[in-house]
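Here is the structure we will look at, set down as structure tokens.
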Amino acid sequence: QFQLAESGGGSVETGGSLRLSCGASSYAYSCVGWFRQTPGNERERVALFLIGAGETKYADSVLGRFTISEDDAKTTMYLQLNNLQPEDTAAYYCGAVSRPADSRTVISGCSWEYQYWGRGTQVTVSS
């Protein structure tokens, strides 16, 4: 089951930008994250939004280039991708953790299990 829906993927050249969207309300979840995966590799955590704490976390590889945010209505989560590089090419997924967050989710800073996922949106960066 896919309870979330991502959009905004596409093909860009190196240095380009995209904005991904995910229909995930911060009223419904304790954590929302963006992940990416390439064929044959494990899903990689890219950016997390710790809703209760109002904090964000990023993978080192995207720090300073990607930004996770939500709209004013708190119904949509975004991932702004700037200065895209060929190694950013992947399927990007939105994930969410239900409320209330269990202890493992809290202690890990939203790095534990995600119950809800979207089908993914492809980002392709050409050199």
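Scheme for the structure tokens: letters A, B, ... for chains in order shown; per-chain residue numbers from 1; ligand numbers from 1 in order shown.
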
Identify, on the basis of only C-alpha atoms, every residue whose closest approach to range 67-78 of chain A does not exceed 8 Å; exclude the query and any residue fewer than 5 positions from it along the same chain; express the result as a PyMOL selection string.
chain A and resi 19-27+32+47-49+56

Write out as number ranges by chain the residues lying within 9 Å of Val12 in chain A, counting only C-alpha atoms and excluding same-chain residues fewer than 3 positions away.
A: 15-18, 84, 123-126

Got a sec: who's within 8 Å of Gly120 in chain A, counting only C-alpha atoms, leaving out chain neighbours fewer than 3 positions off, as a list in words?
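These residues fall inside the cut-off: Ala5, Glu6, Ser7, Ala91, Tyr92, Tyr93 and Cys94 of chain A.
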
Requested write-out: N, CA and C atoms of the selected residues, as a PDB file, in the first residue's frame:
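Final output, saved to again-v8.pdb:
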```pdb
ATOM      1  N   ALA A   5       2.187  10.247  -1.997  1.00  0.00           N
ATOM      2  CA  ALA A   5       2.385  10.419  -3.431  1.00  0.00           C
ATOM      3  C   ALA A   5       3.409  11.506  -3.668  1.00  0.00           C
ATOM      4  N   GLU A   6       4.481  11.141  -4.391  1.00  0.00           N
ATOM      5  CA  GLU A   6       5.514  12.109  -4.734  1.00  0.00           C
ATOM      6  C   GLU A   6       5.285  12.635  -6.144  1.00  0.00           C
ATOM      7  N   SER A   7       5.796  13.817  -6.393  1.00  0.00           N
ATOM      8  CA  SER A   7       5.773  14.389  -7.729  1.00  0.00           C
ATOM      9  C   SER A   7       6.938  15.357  -7.863  1.00  0.00           C
ATOM     10  N   ALA A  91      15.816   7.186  -7.832  1.00  0.00           N
ATOM     11  CA  ALA A  91      14.389   7.290  -7.533  1.00  0.00           C
ATOM     12  C   ALA A  91      14.265   7.869  -6.127  1.00  0.00           C
ATOM     13  N   TYR A  92      13.490   8.911  -5.991  1.00  0.00           N
ATOM     14  CA  TYR A  92      13.326   9.586  -4.701  1.00  0.00           C
ATOM     15  C   TYR A  92      11.966   9.221  -4.115  1.00  0.00           C
ATOM     16  N   TYR A  93      11.979   8.865  -2.838  1.00  0.00           N
ATOM     17  CA  TYR A  93      10.788   8.419  -2.140  1.00  0.00           C
ATOM     18  C   TYR A  93      10.516   9.290  -0.926  1.00  0.00           C
ATOM     19  N   CYS A  94       9.237   9.494  -0.668  1.00  0.00           N
ATOM     20  CA  CYS A  94       8.797  10.165   0.539  1.00  0.00           C
ATOM     21  C   CYS A  94       8.335   9.093   1.523  1.00  0.00           C
TER      22      CYS A  94
END
```

Neighbour list for Ser98 in chain A as a short mmCIF file (atom, residue, chain, number, x, y, z; two decimals) with C-alpha atoms, in the first residue's frame, cut-off 12 Å, only C-alpha atoms, skip fewer than 5 positions in-chain:
```
data_model
loop_
_atom_site.label_atom_id
_atom_site.label_comp_id
_atom_site.auth_asym_id
_atom_site.auth_seq_id
_atom_site.Cartn_x
_atom_site.Cartn_y
_atom_site.Cartn_z
CA GLN A 3 -0.31 6.14 1.25
CA ALA A 24 2.28 14.25 3.71
CA SER A 25 0.72 16.39 6.40
CA SER A 26 2.76 17.23 9.47
CA TYR A 27 -0.52 17.02 11.42
CA ALA A 28 -0.70 13.30 10.66
CA TYR A 29 2.86 12.16 11.10
CA SER A 30 5.71 12.46 13.58
CA CYS A 31 8.47 12.29 10.97
CA VAL A 32 8.60 12.83 7.23
CA LEU A 50 11.48 15.89 12.81
CA ILE A 51 8.03 17.40 13.15
CA GLY A 52 7.74 17.49 16.93
CA THR A 105 11.84 6.82 16.60
CA VAL A 106 12.37 9.56 19.17
CA CYS A 110 13.40 9.87 13.10
CA TRP A 112 13.92 4.26 12.74
CA GLU A 113 11.20 2.50 10.75
CA TYR A 114 8.95 4.38 8.33
CA GLN A 115 5.45 2.92 7.94
CA TYR A 116 4.18 4.94 5.01
CA TRP A 117 5.73 5.33 1.60
#
```

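In terms of minimum interatomic distance to Glu42 in chain A, A:Ala90 ranks closest within A:Glu55, A:Gly8, A:Asn83, A:Ala90, counting only C-alpha atoms.
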
Residues of chain A in strand (DSSP E or B) according to DSSP, as a PyMOL selection string?
chain A and resi 6-7+10-13+18-22+29-37+44-50+55-58+66-70+77-81+90-98+116-117+121-126

What is the distance, in Å and to one decimal place, between CA of Thr121 in chain A and CA of Gly10 in chain A?
8.0 Å

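Between CA of Glu44 in chain A and CA of Leu63 in chain A there is a distance of 14.0 Å.
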
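One finds CA of Phe2 in chain A at 6.4 Å from CA of Arg119 in chain A.
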